[in-house]
Every structure is written in structure tokens, then in C-alpha cells.
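Shown next: work.pdb, containing PDB, C-alpha atoms.
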```
ATOM      1  CA  MET A 280      -2.750 -14.134  -5.036
ATOM      2  CA  SER A 281      -0.187 -15.842  -7.135
ATOM      3  CA  ASP A 282      -0.175 -19.195  -5.373
ATOM      4  CA  MET A 283      -1.781 -21.045  -2.495
ATOM      5  CA  SER A 284       1.121 -20.282  -0.138
ATOM      6  CA  GLU A 285      -0.288 -16.735   0.063
ATOM      7  CA  ALA A 286      -3.835 -17.900   0.822
ATOM      8  CA  PRO A 287      -5.106 -17.082   4.321
ATOM      9  CA  ARG A 288      -4.783 -19.997   6.692
ATOM     10  CA  MET A 289      -7.395 -21.082   9.188
ATOM     11  CA  GLU A 290      -6.097 -20.888  12.733
ATOM     12  CA  ARG A 291      -6.368 -23.935  14.972
ATOM     13  CA  GLY A 292      -9.735 -23.841  16.702
ATOM     14  CA  GLU A 293     -11.140 -21.240  14.299
ATOM     15  CA  ASP A 294     -14.813 -21.778  13.563
ATOM     16  CA  PRO A 295     -15.415 -22.366   9.809
ATOM     17  CA  ALA A 296     -18.826 -20.681  10.156
ATOM     18  CA  SER A 297     -17.193 -17.470  11.404
ATOM     19  CA  ARG A 298     -14.835 -17.553   8.414
ATOM     20  CA  MET A 299     -17.858 -17.786   6.083
ATOM     21  CA  THR A 300     -19.465 -14.827   7.874
ATOM     22  CA  ASN A 301     -16.245 -12.821   7.452
ATOM     23  CA  ASN A 302     -16.187 -13.687   3.730
ATOM     24  CA  ARG A 303     -19.783 -12.474   3.349
ATOM     25  CA  GLN A 304     -18.925  -9.237   5.159
ATOM     26  CA  PHE A 305     -15.930  -8.754   2.874
ATOM     27  CA  LYS A 306     -18.132  -9.199  -0.206
ATOM     28  CA  LEU A 307     -20.312  -6.353   1.058
ATOM     29  CA  LEU A 308     -17.240  -4.105   1.175
ATOM     30  CA  ALA A 309     -15.475  -5.400  -1.946
ATOM     31  CA  ASP A 310     -16.997  -2.813  -4.325
ATOM     32  CA  ILE A 311     -16.076   0.236  -2.234
ATOM     33  CA  PRO A 312     -13.560   2.341  -4.185
ATOM     34  CA  VAL A 313     -10.253   3.140  -2.471
ATOM     35  CA  ARG A 314      -7.356   5.356  -3.556
ATOM     36  CA  MET A 315      -4.014   3.654  -4.154
ATOM     37  CA  SER A 316      -0.916   5.824  -4.379
ATOM     38  CA  VAL A 317       2.825   5.237  -4.477
ATOM     39  CA  GLU A 318       5.207   7.436  -2.508
ATOM     40  CA  VAL A 319       8.627   7.903  -4.052
ATOM     41  CA  GLY A 320       9.931   9.939  -1.135
ATOM     42  CA  SER A 321       9.478  13.188   0.706
ATOM     43  CA  THR A 322      11.367  16.164   2.065
ATOM     44  CA  SER A 323      10.746  19.241   4.176
ATOM     45  CA  LEU A 324      11.170  22.669   2.634
ATOM     46  CA  ARG A 325      10.700  26.194   3.890
ATOM     47  CA  LEU A 326       8.025  28.203   2.112
ATOM     48  CA  ALA A 327      10.732  30.454   0.646
ATOM     49  CA  GLU A 328      12.380  27.385  -0.942
ATOM     50  CA  VAL A 329       9.063  26.321  -2.483
ATOM     51  CA  MET A 330       8.547  29.832  -3.836
ATOM     52  CA  ASP A 331      12.016  29.685  -5.448
ATOM     53  CA  LEU A 332      11.239  26.485  -7.416
ATOM     54  CA  ALA A 333      11.265  26.876 -11.181
ATOM     55  CA  GLU A 334      11.318  24.648 -14.244
ATOM     56  CA  GLY A 335      14.410  22.475 -14.037
ATOM     57  CA  SER A 336      14.709  22.758 -10.231
ATOM     58  CA  ILE A 337      15.713  19.554  -8.484
ATOM     59  CA  VAL A 338      14.360  18.648  -5.055
ATOM     60  CA  GLU A 339      16.301  15.922  -3.244
ATOM     61  CA  LEU A 340      14.095  13.345  -1.514
ATOM     62  CA  ASP A 341      14.756  11.237   1.580
ATOM     63  CA  ARG A 342      15.196   7.923  -0.270
ATOM     64  CA  GLN A 343      17.938   6.224  -2.201
ATOM     65  CA  SER A 344      17.199   5.497  -5.875
ATOM     66  CA  ASP A 345      17.258   1.733  -5.215
ATOM     67  CA  ASP A 346      14.920   1.833  -2.160
ATOM     68  CA  LEU A 347      11.505   0.209  -2.403
ATOM     69  CA  LEU A 348       8.563   2.594  -2.724
ATOM     70  CA  ASP A 349       5.641   2.826  -0.281
ATOM     71  CA  ILE A 350       2.315   1.613  -1.664
ATOM     72  CA  MET A 351      -0.527   3.321   0.167
ATOM     73  CA  VAL A 352      -4.284   2.729   0.164
ATOM     74  CA  ASN A 353      -6.267   5.680   1.516
ATOM     75  CA  GLY A 354      -3.075   6.885   3.208
ATOM     76  CA  ALA A 355      -2.284   3.583   4.976
ATOM     77  CA  LEU A 356       0.900   1.680   4.066
ATOM     78  CA  ILE A 357      -0.098  -1.715   2.651
ATOM     79  CA  ALA A 358       3.015  -2.808   0.736
ATOM     80  CA  LYS A 359       6.424  -1.947  -0.704
ATOM     81  CA  GLY A 360       7.236  -2.169  -4.387
ATOM     82  CA  GLU A 361       9.354  -1.144  -7.325
ATOM     83  CA  VAL A 362       8.561   0.821 -10.483
ATOM     84  CA  VAL A 363       8.001  -1.061 -13.734
ATOM     85  CA  THR A 364       6.733   0.025 -17.140
ATOM     86  CA  VAL A 365       3.766  -1.641 -18.803
ATOM     87  CA  ASN A 366       2.923  -0.642 -22.380
ATOM     88  CA  GLY A 367       4.625   2.726 -21.922
ATOM     89  CA  ARG A 368       2.910   3.475 -18.597
ATOM     90  CA  TYR A 369       4.266   3.335 -15.082
ATOM     91  CA  GLY A 370       3.284   0.426 -12.895
ATOM     92  CA  ILE A 371       4.347  -0.970  -9.546
ATOM     93  CA  ARG A 372       5.536  -4.498  -8.789
ATOM     94  CA  ILE A 373       4.634  -5.497  -5.249
ATOM     95  CA  VAL A 374       7.686  -6.868  -3.473
ATOM     96  CA  ASP A 375       6.568  -6.969   0.170
ATOM     97  CA  ILE A 376       3.089  -6.906   1.756
ATOM     98  CA  ALA A 377       2.676  -5.150   5.113
ATOM     99  CA  ALA A 378       1.493  -7.254   8.042
ATOM    100  CA  THR A 379      -2.309  -7.444   8.295
ATOM    101  CA  GLU A 380      -2.254  -5.770  11.720
ATOM    102  CA  ASN A 381      -0.377  -2.775  10.295
ATOM    103  CA  ARG A 382      -2.730  -2.467   7.317
ATOM    104  CA  LEU A 383      -5.812  -2.623   9.534
ATOM    105  CA  ALA A 384      -4.321  -0.169  12.029
ATOM    106  CA  GLY A 385      -4.011   2.392   9.240
ATOM    107  CA  ILE A 386      -7.656   1.930   8.296
ATOM    108  CA  GLU A 387      -8.919   2.011  11.876
ATOM    109  CA  ARG A 388      -6.963   5.183  12.579
ATOM    110  CA  ARG A 389      -8.960   6.985   9.878
ATOM    111  CA  GLY A 390     -12.346   5.588  10.915
TER     112      GLY A 390
END
```

As C-alpha cells:
Amino acid sequence: MSDMSEAPRMERGEDPASRMTNNRQFKLLADIPVRMSVEVGSTSLRLAEVMDLAEGSIVELDRQSDDLLDIMVNGALIAKGEVVTVNGRYGIRIVDIAATENRLAGIERRG
């Protein structure tokens, strides 16, 4: 988190003890590896079109070049971002975080 405005807020009437329990449960899960990927776009092709692909072929995707990219964790959308370069390697700058409910729904769906 870059500043305290992004820190989770305690809801009115929320029990501080339950928050501590949730933090302990998170610590148990914190070391589990997950797969992060970035989706530039997608398209549908017929098998014959895939078989015709060769070096230099161009496949048009369903996004504009200035659209934000989907940042996925284990297949669930968690954020949107834009490509950056860091020391000659690609990176992703997070621009928008998905709502917690949406992120958790993606995880629950796979459980």
C-alpha cells in the first residue's frame, strides 16, 4: 500500500478481536504461492486459422492499444494496469484494483 488512504478501514461495530483473528488467518495463507498473469487481449479463431499462422502473422485482439490490461491471480481478475519497462524487462503498473467482493468471488468460484 502506498499510503494510509488505501489501508482497510474498520467498519462501525466491527469487533477488533475478530479483525485480529482475520489477520492471523491471513498470515497462515500469506506464504501460499499464486500465479499472477496479465492479459493483453483475446480473440476467437477457427482451427484452420490457427493452422495457417506463420512467422510474421498478425492476430488482431479485442482491445484497443490504449486500454488497460487485466491483471489476474490464479485466473481471477484482481486489477487493471498498464505496461511499463523496468531495467529492460516488462512490468505492470497497477492503475485500478478490483472490488474485494469481485476478487473473492473469483477465488471462491475455483474452490

Selected residue of minimal separation from Ala358 (chain A) among A:Val317, A:Leu326, A:Ile376, A:Ile371, counting only C-alpha atoms
A:Ile376

Check which residues satisfy the PyMOL selection byres ((chain A and resi 373) around 12) in the file shown, then give them as a PyMOL selection string.
chain A and resi 280-281+317+347-351+357-363+370-372+374-377

Figure out the distance between CA of Asp341 (chain A) and CA of Thr322 (chain A), please, to one decimal in Å.
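Here the two named atoms are 6.0 Å from each other.
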
Sel. within 10 Å of pt (11.8, 15.7, -3.5), counting all atoms listed in the file, output as an NGL selection string:
:A and (319-324 or 337-342)

Can you tell me how far CA of Gln343 (chain A) sits from CA of Glu318 (chain A), in Å to one decimal?
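About the pair CA of Gln343 (chain A) and CA of Glu318 (chain A): they are 12.8 Å apart.
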
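Distances from A:Gly354, A:Asp346, A:Ala378, A:Val365 to Val313 (chain A) were compared using only C-alpha atoms, and the smallest one belongs to A:Gly354.
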
What are the centre and edge lengths in Å, to one decimal, of the axis-aligned box around all listed atoms of region 327-335 of chain A with 4 Å added on each side, as JSON?
```
{"center_x": 11.5, "center_y": 26.5, "center_z": -6.8, "size_x": 13.9, "size_y": 16.0, "size_z": 22.9}
```

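Here CA of Val352 (chain A) stands at a distance of 6.4 Å from CA of Ser316 (chain A).
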